[in-house]
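Participant: This one is model-v7.tsv, TSV, C-alpha atoms.
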chain	number	residue	atom	x	y	z
A	214	MET	CA	0.00	0.00	0.00
A	215	LYS	CA	0.91	3.66	-0.22
A	216	ILE	CA	0.85	4.95	3.37
A	217	LEU	CA	1.39	8.49	4.62
A	218	VAL	CA	3.04	8.59	8.06
A	219	THR	CA	2.98	11.93	9.85
A	220	GLY	CA	5.63	12.42	12.51
A	221	ALA	CA	7.90	10.06	10.57
A	222	ALA	CA	11.05	11.37	12.28
A	223	GLY	CA	9.53	10.72	15.69
A	224	PHE	CA	10.07	7.78	18.02
A	225	ILE	CA	7.07	5.70	16.97
A	226	GLY	CA	6.77	7.10	13.44
A	227	SER	CA	10.31	6.17	12.43
A	228	ARG	CA	9.98	2.61	13.74
A	229	LEU	CA	6.59	2.21	12.06
A	230	SER	CA	8.02	3.46	8.77
A	231	GLU	CA	10.83	0.88	9.00
A	232	LYS	CA	8.37	-1.97	9.53
A	233	LEU	CA	6.06	-0.84	6.71
A	234	LEU	CA	8.98	-0.55	4.29
A	235	ALA	CA	10.25	-3.98	5.33
A	236	ARG	CA	6.96	-5.58	4.26
A	237	GLY	CA	6.96	-3.76	0.91
A	238	ASP	CA	4.70	-0.74	1.47
A	239	GLU	CA	5.49	2.66	0.01
A	240	VAL	CA	5.84	5.23	2.81
A	241	ILE	CA	5.51	8.99	2.46
A	242	GLY	CA	6.90	10.51	5.67
A	243	ILE	CA	6.24	14.04	6.86
A	244	ASP	CA	7.62	15.84	9.93
A	245	ASN	CA	8.43	19.42	10.89
A	246	LEU	CA	11.57	18.42	12.84
A	247	ASN	CA	10.74	20.92	15.59
A	248	ASP	CA	13.03	21.54	18.56
A	249	TYR	CA	10.76	20.26	21.36
A	250	TYR	CA	13.65	17.85	21.92
A	251	ASP	CA	17.05	17.22	20.33
A	252	VAL	CA	16.63	17.70	16.57
A	253	SER	CA	19.77	15.67	15.85
A	254	LEU	CA	18.04	12.57	17.26
A	255	LYS	CA	15.14	13.10	14.84
A	256	GLU	CA	17.58	13.60	11.99
A	257	ALA	CA	19.41	10.40	12.93
A	258	ARG	CA	16.15	8.42	12.86
A	259	LEU	CA	15.32	9.94	9.48
A	260	ALA	CA	18.78	9.16	8.14
A	261	ARG	CA	18.07	5.46	8.66
A	262	LEU	CA	14.94	5.73	6.48
A	263	MET	CA	16.09	7.97	3.64
A	264	PRO	CA	18.21	5.40	1.75
A	265	GLN	CA	15.46	2.78	1.75
A	266	ALA	CA	13.55	2.02	-1.44
A	267	GLY	CA	9.95	3.10	-1.21
A	268	PHE	CA	10.51	5.94	1.28
A	269	SER	CA	10.08	9.63	0.52
A	270	PHE	CA	10.06	12.57	2.91
A	271	GLU	CA	8.55	16.04	3.04
A	272	LYS	CA	9.52	18.50	5.76
A	273	LEU	CA	6.33	20.30	6.69
A	274	ASP	CA	4.12	21.23	9.63
A	275	VAL	CA	0.66	19.64	9.78
A	276	ALA	CA	-0.66	23.01	11.01
A	277	ASP	CA	0.16	24.41	7.53
A	278	GLN	CA	-3.01	23.67	5.55
A	279	GLY	CA	-1.50	24.45	2.15
A	280	ALA	CA	1.48	22.17	2.75
A	281	VAL	CA	-0.72	19.30	3.94
A	282	ASP	CA	-3.07	19.66	0.97
A	283	GLY	CA	-0.07	19.76	-1.34
A	284	VAL	CA	1.50	16.54	-0.09
A	285	PHE	CA	-1.84	14.69	-0.28
A	286	ALA	CA	-2.41	15.89	-3.84
A	287	LYS	CA	1.11	14.90	-4.85
A	288	ALA	CA	1.41	11.56	-3.04
A	289	GLN	CA	-2.20	10.31	-3.25
A	290	PRO	CA	-1.86	7.98	-0.24
A	291	GLU	CA	-4.34	5.17	0.30
A	292	ARG	CA	-4.08	5.20	4.09
A	293	VAL	CA	-2.71	7.55	6.73
A	294	MET	CA	-1.11	6.95	10.13
A	295	HIS	CA	-1.24	10.30	11.89
A	296	LEU	CA	1.36	10.46	14.65
A	297	ALA	CA	2.48	14.10	14.36
A	298	ALA	CA	1.52	16.02	17.50
A	299	GLN	CA	2.88	18.21	20.23
A	300	ALA	CA	3.72	15.61	22.84
A	301	GLY	CA	4.18	15.77	26.60
A	302	VAL	CA	1.75	16.20	29.49
A	303	ARG	CA	3.95	18.54	31.52
A	304	TYR	CA	4.89	20.85	28.66
A	305	SER	CA	1.17	21.36	27.93
A	306	ILE	CA	0.90	23.20	31.24
A	307	GLU	CA	3.69	25.59	30.25
A	308	ASN	CA	2.73	26.12	26.61
A	309	PRO	CA	-0.91	25.15	25.93
A	310	ARG	CA	-1.11	27.10	22.65
A	311	ALA	CA	1.44	24.77	21.04
A	312	TYR	CA	-1.05	21.94	21.57
A	313	ILE	CA	-3.93	23.80	19.96
A	314	GLU	CA	-1.80	24.61	16.91
A	315	SER	CA	-0.40	21.12	16.37
A	316	ASN	CA	-2.99	18.80	17.86
A	317	ILE	CA	-6.21	20.63	16.96
A	318	VAL	CA	-5.43	22.78	13.90
A	319	GLY	CA	-3.03	20.15	12.54
A	320	PHE	CA	-5.54	17.34	12.99
A	321	THR	CA	-8.25	19.39	11.29
A	322	ASN	CA	-5.97	19.76	8.26
A	323	ILE	CA	-5.37	16.00	8.17
A	324	LEU	CA	-9.08	15.23	8.44
A	325	GLU	CA	-9.94	17.67	5.66
A	326	ALA	CA	-7.21	16.31	3.39
A	327	CYS	CA	-8.39	12.74	4.03
A	328	ARG	CA	-12.02	13.44	3.18
A	329	HIS	CA	-11.22	15.45	0.05
A	330	ASN	CA	-8.89	12.74	-1.24
A	331	GLU	CA	-11.23	9.79	-0.59
A	332	LEU	CA	-8.82	8.09	1.78
A	333	GLU	CA	-9.44	4.41	2.60
A	334	HIS	CA	-8.56	4.64	6.31
A	335	LEU	CA	-7.21	7.21	8.77
A	336	VAL	CA	-5.53	5.84	11.90
A	337	TYR	CA	-4.41	8.41	14.45
A	338	ALA	CA	-2.60	8.56	17.77
A	339	SER	CA	-4.65	9.25	20.83
A	340	SER	CA	-3.28	8.66	24.33
A	341	SER	CA	-3.92	6.89	27.62
A	342	SER	CA	-3.94	10.39	29.12
A	343	VAL	CA	-7.57	10.78	27.99
A	344	TYR	CA	-8.59	8.60	30.94
A	345	GLY	CA	-7.64	11.52	33.20
A	346	ALA	CA	-9.41	11.32	36.54
A	347	ASN	CA	-10.76	7.79	35.89
A	348	THR	CA	-9.79	5.34	38.63
A	349	ASN	CA	-11.58	2.15	37.53
A	350	MET	CA	-8.81	-0.21	36.33
A	351	PRO	CA	-8.00	-1.45	33.77
A	352	PHE	CA	-8.94	1.48	31.53
A	353	SER	CA	-11.40	0.42	28.83
A	354	VAL	CA	-12.35	2.13	25.57
A	355	HIS	CA	-15.94	1.56	26.66
A	356	ASP	CA	-15.46	3.90	29.66
A	357	ASN	CA	-16.49	7.54	29.70
A	358	VAL	CA	-13.46	9.84	29.38
A	359	ASP	CA	-14.83	13.31	29.98
A	360	HIS	CA	-12.44	14.41	32.75
A	361	PRO	CA	-8.98	15.13	31.30
A	362	VAL	CA	-6.39	16.52	33.74
A	363	SER	CA	-4.03	18.18	31.27
A	364	MET	CA	-4.29	20.23	28.08
A	365	TYR	CA	-2.47	17.47	26.22
A	366	ALA	CA	-5.15	14.98	27.28
A	367	ALA	CA	-7.91	17.43	26.33
A	368	THR	CA	-6.53	17.79	22.79
A	369	LYS	CA	-6.32	14.01	22.38
A	370	LYS	CA	-9.91	13.61	23.55
A	371	ALA	CA	-10.85	16.38	21.10
A	372	ASN	CA	-9.13	14.43	18.30
A	373	GLU	CA	-11.35	11.43	19.00
A	374	LEU	CA	-14.48	13.60	18.86
A	375	MET	CA	-13.32	15.34	15.67
A	376	ALA	CA	-12.58	11.99	14.03
A	377	HIS	CA	-16.04	10.72	14.92
A	378	SER	CA	-17.71	13.73	13.33
A	379	TYR	CA	-15.85	13.09	10.06
A	380	SER	CA	-16.65	9.38	10.20
A	381	HIS	CA	-20.30	10.26	10.67
A	382	LEU	CA	-20.56	13.10	8.15
A	383	TYR	CA	-18.34	11.80	5.35
A	384	ARG	CA	-18.16	8.05	6.09
A	385	LEU	CA	-14.40	8.43	6.51
A	386	PRO	CA	-13.15	5.30	8.30
A	387	THR	CA	-11.12	6.36	11.35
A	388	THR	CA	-9.40	4.41	14.10
A	389	GLY	CA	-7.98	6.09	17.21
A	390	LEU	CA	-5.20	4.41	19.19
A	391	ARG	CA	-4.69	5.20	22.86
A	392	PHE	CA	-1.00	4.53	23.49
A	393	PHE	CA	0.20	3.54	26.96
A	394	THR	CA	3.72	4.72	27.99
A	395	VAL	CA	5.74	3.65	24.96
A	396	TYR	CA	9.46	2.96	25.48
A	397	GLY	CA	12.38	1.41	23.64
A	398	PRO	CA	15.39	2.20	21.41
A	399	TRP	CA	15.37	5.62	19.72
A	400	GLY	CA	12.94	6.86	22.40
A	401	ARG	CA	12.21	10.46	23.34
A	402	PRO	CA	14.68	12.24	25.67
A	403	ASP	CA	11.83	13.72	27.76
A	404	MET	CA	10.51	10.29	28.79
A	405	SER	CA	11.33	8.52	32.04
A	406	LEU	CA	13.48	5.64	30.73
A	407	PHE	CA	15.70	8.04	28.78
A	408	LEU	CA	15.98	10.52	31.67
A	409	PHE	CA	16.65	7.82	34.27
A	410	THR	CA	19.32	6.10	32.16
A	411	LYS	CA	21.07	9.37	31.33
A	412	ASN	CA	21.19	10.60	34.92
A	413	ILE	CA	22.21	7.27	36.43
A	414	LEU	CA	25.11	6.94	33.97
A	415	GLU	CA	26.17	10.52	34.72
A	416	GLY	CA	25.99	9.97	38.48
A	417	LYS	CA	23.12	12.43	38.87
A	418	PRO	CA	19.99	11.82	40.96
A	419	ILE	CA	16.72	10.88	39.28
A	420	ASP	CA	13.39	12.54	40.10
A	421	VAL	CA	10.88	9.95	41.31
A	422	PHE	CA	7.42	11.53	41.39
A	423	ASN	CA	4.48	10.54	43.59
A	424	PHE	CA	7.19	9.15	45.90
A	425	GLY	CA	7.50	6.16	43.57
A	426	ASN	CA	3.85	5.15	43.96
A	427	HIS	CA	3.18	5.05	40.22
A	428	ARG	CA	2.11	2.11	38.11
A	429	ARG	CA	2.54	2.36	34.36
A	430	ASP	CA	1.51	0.06	31.53
A	431	PHE	CA	4.92	0.34	29.87
A	432	THR	CA	4.64	-0.85	26.26
A	433	TYR	CA	7.63	-1.69	24.07
A	434	VAL	CA	7.78	0.21	20.80
A	435	ASP	CA	7.75	-2.90	18.57
A	436	ASP	CA	4.58	-4.12	20.29
A	437	ILE	CA	3.00	-0.71	19.68
A	438	VAL	CA	4.03	-0.75	16.02
A	439	GLU	CA	2.64	-4.26	15.54
A	440	GLY	CA	-0.69	-3.03	16.87
A	441	ILE	CA	-0.61	0.04	14.62
A	442	ILE	CA	0.03	-2.01	11.49
A	443	ARG	CA	-2.83	-4.37	12.30
A	444	CYS	CA	-5.13	-1.35	12.72
A	445	VAL	CA	-3.96	0.31	9.49
A	446	ASP	CA	-4.71	-2.92	7.62
A	447	GLU	CA	-8.17	-3.42	9.17
A	448	VAL	CA	-10.41	-0.61	7.94
A	449	ALA	CA	-12.86	0.64	10.59
A	450	THR	CA	-16.47	-0.37	10.03
A	451	PRO	CA	-19.75	0.61	11.68
A	452	SER	CA	-20.91	-1.37	14.71
A	453	THR	CA	-24.35	-2.84	14.08
A	454	GLN	CA	-24.75	-3.35	17.85
A	455	TRP	CA	-24.35	0.36	18.68
A	456	SER	CA	-27.34	2.03	20.34
A	457	GLY	CA	-28.03	5.69	20.97
A	458	ASP	CA	-29.99	4.68	24.08
A	459	GLN	CA	-26.82	3.26	25.64
A	460	PRO	CA	-24.02	4.78	23.57
A	461	ASP	CA	-20.72	2.91	23.65
A	462	PRO	CA	-17.81	5.41	23.53
A	463	GLY	CA	-15.51	2.90	21.81
A	464	THR	CA	-17.64	2.14	18.74
A	465	SER	CA	-20.28	3.83	16.57
A	466	LEU	CA	-22.84	3.49	13.83
A	467	ALA	CA	-20.23	5.41	11.81
A	468	PRO	CA	-17.03	3.67	10.56
A	469	TYR	CA	-15.18	4.60	13.75
A	470	ARG	CA	-13.17	2.63	16.29
A	471	LEU	CA	-11.05	3.27	19.36
A	472	TYR	CA	-8.46	0.88	20.77
A	473	ASN	CA	-6.10	0.82	23.71
A	474	ILE	CA	-2.59	-0.32	22.85
A	475	GLY	CA	-0.78	-1.25	26.03
A	476	ASN	CA	1.07	-4.12	27.63
A	477	ASN	CA	-1.98	-5.10	29.72
A	478	SER	CA	0.41	-5.59	32.65
A	479	PRO	CA	1.17	-2.48	34.75
A	480	VAL	CA	4.57	-2.24	36.40
A	481	GLU	CA	5.40	-0.49	39.67
A	482	LEU	CA	7.64	2.51	38.98
A	483	MET	CA	10.18	1.34	41.56
A	484	ASP	CA	10.36	-2.05	39.83
A	485	PHE	CA	10.91	-0.29	36.50
A	486	ILE	CA	13.75	1.72	38.05
A	487	GLY	CA	15.09	-1.53	39.53
A	488	ALA	CA	15.23	-3.08	36.04
A	489	ILE	CA	17.27	-0.10	34.81
A	490	GLU	CA	19.63	-0.28	37.81
A	491	LYS	CA	20.14	-4.01	37.31
A	492	CYS	CA	20.89	-3.59	33.61
A	493	LEU	CA	23.34	-0.74	34.24
A	494	GLY	CA	24.88	-2.30	37.36
A	495	ILE	CA	24.45	1.05	39.16
A	496	GLU	CA	22.10	2.03	41.98
A	497	ALA	CA	20.30	5.29	41.28
A	498	LYS	CA	20.33	8.27	43.59
A	499	LYS	CA	16.67	9.16	44.02
A	500	ASN	CA	14.86	12.45	44.66
A	501	MET	CA	11.47	11.35	46.03
A	502	LEU	CA	8.93	14.00	45.01
A	503	PRO	CA	5.13	14.51	45.13
A	504	LEU	CA	2.75	13.88	42.22
A	505	GLN	CA	3.22	16.40	39.43
A	506	LEU	CA	0.44	18.67	38.21
A	507	GLY	CA	-1.41	17.04	35.30
A	508	ASP	CA	-0.06	13.56	36.04
A	509	VAL	CA	-2.04	10.47	37.09
A	510	PRO	CA	-0.92	7.81	39.60
A	511	ASP	CA	-1.63	4.71	37.50
A	512	THR	CA	-2.27	3.53	33.95
A	513	TYR	CA	-3.47	0.06	33.00
A	514	ALA	CA	-4.81	-0.85	29.56
A	515	ASP	CA	-7.68	-3.17	28.85
A	516	VAL	CA	-6.68	-4.34	25.35
A	517	GLN	CA	-9.39	-6.97	24.97
A	518	ALA	CA	-11.05	-5.19	22.04
A	519	LEU	CA	-7.77	-5.22	20.12
A	520	VAL	CA	-7.19	-8.87	21.01
A	521	ASP	CA	-10.70	-9.84	19.90
A	522	ASP	CA	-10.69	-7.83	16.67
A	523	LEU	CA	-7.07	-8.08	15.55
A	524	ASP	CA	-5.43	-10.84	17.63
A	525	TYR	CA	-3.04	-8.33	19.21
A	526	GLN	CA	-0.62	-9.84	21.73
A	527	PRO	CA	2.16	-7.68	23.24
A	528	ALA	CA	5.19	-9.91	23.68
A	529	THR	CA	8.13	-7.93	25.12
A	530	SER	CA	8.98	-8.15	28.83
A	531	ILE	CA	10.12	-5.09	30.78
A	532	GLU	CA	13.51	-6.73	31.35
A	533	ASP	CA	14.10	-7.33	27.64
A	534	GLY	CA	12.72	-3.95	26.60
A	535	VAL	CA	14.86	-2.01	29.09
A	536	ALA	CA	17.95	-4.01	28.09
A	537	ASN	CA	17.33	-3.23	24.41
A	538	PHE	CA	16.97	0.48	25.15
A	539	ILE	CA	20.14	0.65	27.26
A	540	ALA	CA	22.14	-1.23	24.60
A	541	TRP	CA	20.92	1.31	22.02
A	542	TYR	CA	21.61	4.27	24.33
A	543	LYS	CA	25.20	3.21	25.05
A	544	ASP	CA	25.86	2.65	21.36
A	545	TYR	CA	24.23	5.89	20.19
A	546	TYR	CA	25.91	8.08	22.82
A	547	LYS	CA	29.19	6.10	22.80
A	548	VAL	CA	28.99	5.19	26.48
A	549	LYS	CA	31.52	2.58	27.57
Please lay out the structure from this file as structure tokens.

Facilitator:
Amino acid sequence: MKILVTGAAGFIGSRLSEKLLARGDEVIGIDNLNDYYDVSLKEARLARLMPQAGFSFEKLDVADQGAVDGVFAKAQPERVMHLAAQAGVRYSIENPRAYIESNIVGFTNILEACRHNELEHLVYASSSSVYGANTNMPFSVHDNVDHPVSMYAATKKANELMAHSYSHLYRLPTTGLRFFTVYGPWGRPDMSLFLFTKNILEGKPIDVFNFGNHRRDFTYVDDIVEGIIRCVDEVATPSTQWSGDQPDPGTSLAPYRLYNIGNNSPVELMDFIGAIEKCLGIEAKKNMLPLQLGDVPDTYADVQALVDDLDYQPATSIEDGVANFIAWYKDYYKVK
């Protein structure tokens, strides 16, 4: 297939592009290469893709309507995996307007381009953060998610609502994927595994929020990508069981679906840190701190819908995933 991947220089987007190319798809990657984190890391990911047959790249911002329309007209993709977004819960408290520009305006441009180009299927990144103040575990796509606790989460919830309106109005098949704490090689420098590894190796203390009383459904990047590809391949269809009397948030009479993609096995934060310490052979110095504004204590994904519909089975243990990341980190940063 011919697949447009937005955010192709990002952590998940670059790995997804690799896997799609490996199975013979043509990939059109777009990314604005912004400086939210180290641009050289994005460029290094992109450099691994550029020589591969079937890959092309356009540097553009999804908030630029003309640029988005232009790449759709030129490339004529059959399907889209929309990963481009302003990421980060904590940064959304400092700079909320960046999230409106990228996550709301940018997503509107993608939706419009998809419907005007008769796209077969739009799959887009949502987030586990939409569960916000929910405390019933594990989180299910059939739960109400009307209480976000950060601007980032609010924009991701808005994306799901926007996608539904286009699925309803224009019969555009859309599938939203709620990612749960993705980690692995080539990961983002603002995420916990990267920060912990860097500081431990440099002999600096690590910040442990909520006094370590977090649980996270850490999900290895290859397991995430496997789930994405299965969703891209399986075009969303209407649910004949859906009822307006008892509306199910995860499905619709429109060609619209939502899925959690997680490991379905939450890990205590202190155990996660322990896996890093064991792999590095160094005990971390820890700053025990209270819960951060906009953060939630626990995440735990109910992935049953994805298992039932697409036979999704995450397969990577925390021990193996952390070891793979640290091996990559030491190689990339030339740490002996």

Participant: May I have a table of the residues of segment 361-480 of chain A lying at most 10 Å from segment 534-546 of chain A, giving each one's closest pair of atoms and their distance in Å to one decimal, counting only C-alpha atoms, ordered by chain and ascending residue number, as a tab-separated table?

Facilitator:
residue	atom	partner	partner_atom	distance
A:Tyr396	CA	A:Gly534	CA	7.7
A:Gly397	CA	A:Phe538	CA	4.9
A:Pro398	CA	A:Phe538	CA	4.4
A:Trp399	CA	A:Trp541	CA	7.4
A:Gly400	CA	A:Phe538	CA	8.0
A:Leu406	CA	A:Val535	CA	7.9
A:Phe407	CA	A:Tyr542	CA	8.3
A:Thr410	CA	A:Ile539	CA	7.4
A:Lys411	CA	A:Tyr542	CA	8.7
A:Leu414	CA	A:Lys543	CA	9.7
A:Phe431	CA	A:Gly534	CA	9.5
A:Thr432	CA	A:Gly534	CA	8.7
A:Tyr433	CA	A:Gly534	CA	6.1
A:Val434	CA	A:Gly534	CA	8.7
A:Asp435	CA	A:Gly534	CA	9.5

Participant: Quick one: pull the distance between atom CA of Gly220 of chain A and atom CA of Ala298 of chain A, Å, one decimal.

Facilitator: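 Distance between the two atoms: 7.4 Å.
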
Participant: Counting only C-alpha atoms, which of A:Leu335, A:Leu466, A:Leu217, A:Val358 gets nearest to His381 of chain A?

Facilitator: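 The answer is A:Leu466, which sits nearest to His381 of chain A.
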
Participant: Compile the contact shell of Ser227 of chain A as a PyMOL selection string: residues with an atom at most 9 Å away, counting all atoms listed in the file, same-chain residues fewer than 3 positions apart removed.

Facilitator: chain A and resi 218+220-224+230-232+242+255+258-259+261-262+399

Participant: List the spatial neighbours of segment 312-319 of chain A as a list in words - criterion: any atom at most 8 Å away, only C-alpha atoms, same-chain residues fewer than 3 positions off excluded.

Facilitator: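 My reading of the contact set: Asp274, Val275, Ala276, Asp277, Gln278, Ala297, Ala298, Gln299, Ser305, Asn308, Pro309, Asn322, Ile323, Met364, Tyr365, Thr368, Lys369, Ala371 and Asn372 of chain A.
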
Participant: Give me the residues within 10 Å of Ala235 of chain A as a ChimeraX atom specification, counting only C-alpha atoms and dropping any in the same chain fewer than 5 places off.

Facilitator: /A:229-230,265-267

Participant: Using only C-alpha atoms, which of the listed residues (A:Arg443, A:His355, A:Arg429, A:Lys498) sits closest to Pro479 of chain A?

Facilitator: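 With only C-alpha atoms as the atom set, the closest residue is A:Arg429.
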
Participant: I'd like the neighbourhood of segment 361-363 of chain A as a PyMOL selection string, where a residue qualifies if any of its atoms comes within 10 Å (using all atoms listed in the file), though same-chain residues fewer than 4 positions away should be ignored.

Facilitator: chain A and resi 301-306+309+342-347+367-370+506-509

Participant: Take the selection from the previous step and output its residues with C-alpha atoms, as a compact mmCIF listing (two decimals), in the coordinates of the input.

Facilitator:
# COMPACT_ATOMS: atom_id res chain seq x y z
CA GLY A 301 4.18 15.77 26.60
CA VAL A 302 1.75 16.20 29.49
CA ARG A 303 3.95 18.54 31.52
CA TYR A 304 4.89 20.85 28.66
CA SER A 305 1.17 21.36 27.93
CA ILE A 306 0.90 23.20 31.24
CA PRO A 309 -0.91 25.15 25.93
CA SER A 342 -3.94 10.39 29.12
CA VAL A 343 -7.57 10.78 27.99
CA TYR A 344 -8.59 8.60 30.94
CA GLY A 345 -7.64 11.52 33.20
CA ALA A 346 -9.41 11.32 36.54
CA ASN A 347 -10.76 7.79 35.89
CA ALA A 367 -7.91 17.43 26.33
CA THR A 368 -6.53 17.79 22.79
CA LYS A 369 -6.32 14.01 22.38
CA LYS A 370 -9.91 13.61 23.55
CA LEU A 506 0.44 18.67 38.21
CA GLY A 507 -1.41 17.04 35.30
CA ASP A 508 -0.06 13.56 36.04
CA VAL A 509 -2.04 10.47 37.09

Participant: Grab the atom CA of Arg384 of chain A to atom CA of Tyr337 of chain A distance for me, in Å with one decimal place.

Facilitator: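 Atom CA of Arg384 of chain A sits 16.1 Å away from atom CA of Tyr337 of chain A.
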
Participant: Show me the residues around (7.7, 7.6, -1.8) - criterion: an atom at most 6 Å away, all atoms listed in the file counted - as JSON, numbers by chain.

Facilitator: {"A": [239, 240, 241, 267, 268, 269]}

Participant: Using all atoms listed in the file for the distances, tell me which of A:Asn423, A:Asn412, A:Thr387, A:Asn349 is nearest to Glu447 of chain A.

Facilitator: A:Thr387

Participant: Residues proximal to (-14.1, 5.5, 27.6) were defined as those with any atom within 12 Å of that point in the file's coordinates, counting all atoms listed in the file. Which are they, as a PyMOL selection string?

Facilitator: chain A and resi 340-361+370+373-374+391+460-464+470-473+514-515

Participant: Neighbours of Ile441 of chain A within 9 Å (all atoms listed in the file; same-chain residues fewer than 5 positions away dropped), as a list in words?

Facilitator: Leu229, Met294, Val336, Leu390, Asp436, Asp446 and Ile474 of chain A

Participant: In Å, how far is it from atom CA of Gly475 of chain A to atom CA of His295 of chain A?

Facilitator: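 Calculated distance between atom CA of Gly475 of chain A and atom CA of His295 of chain A is 18.3 Å.
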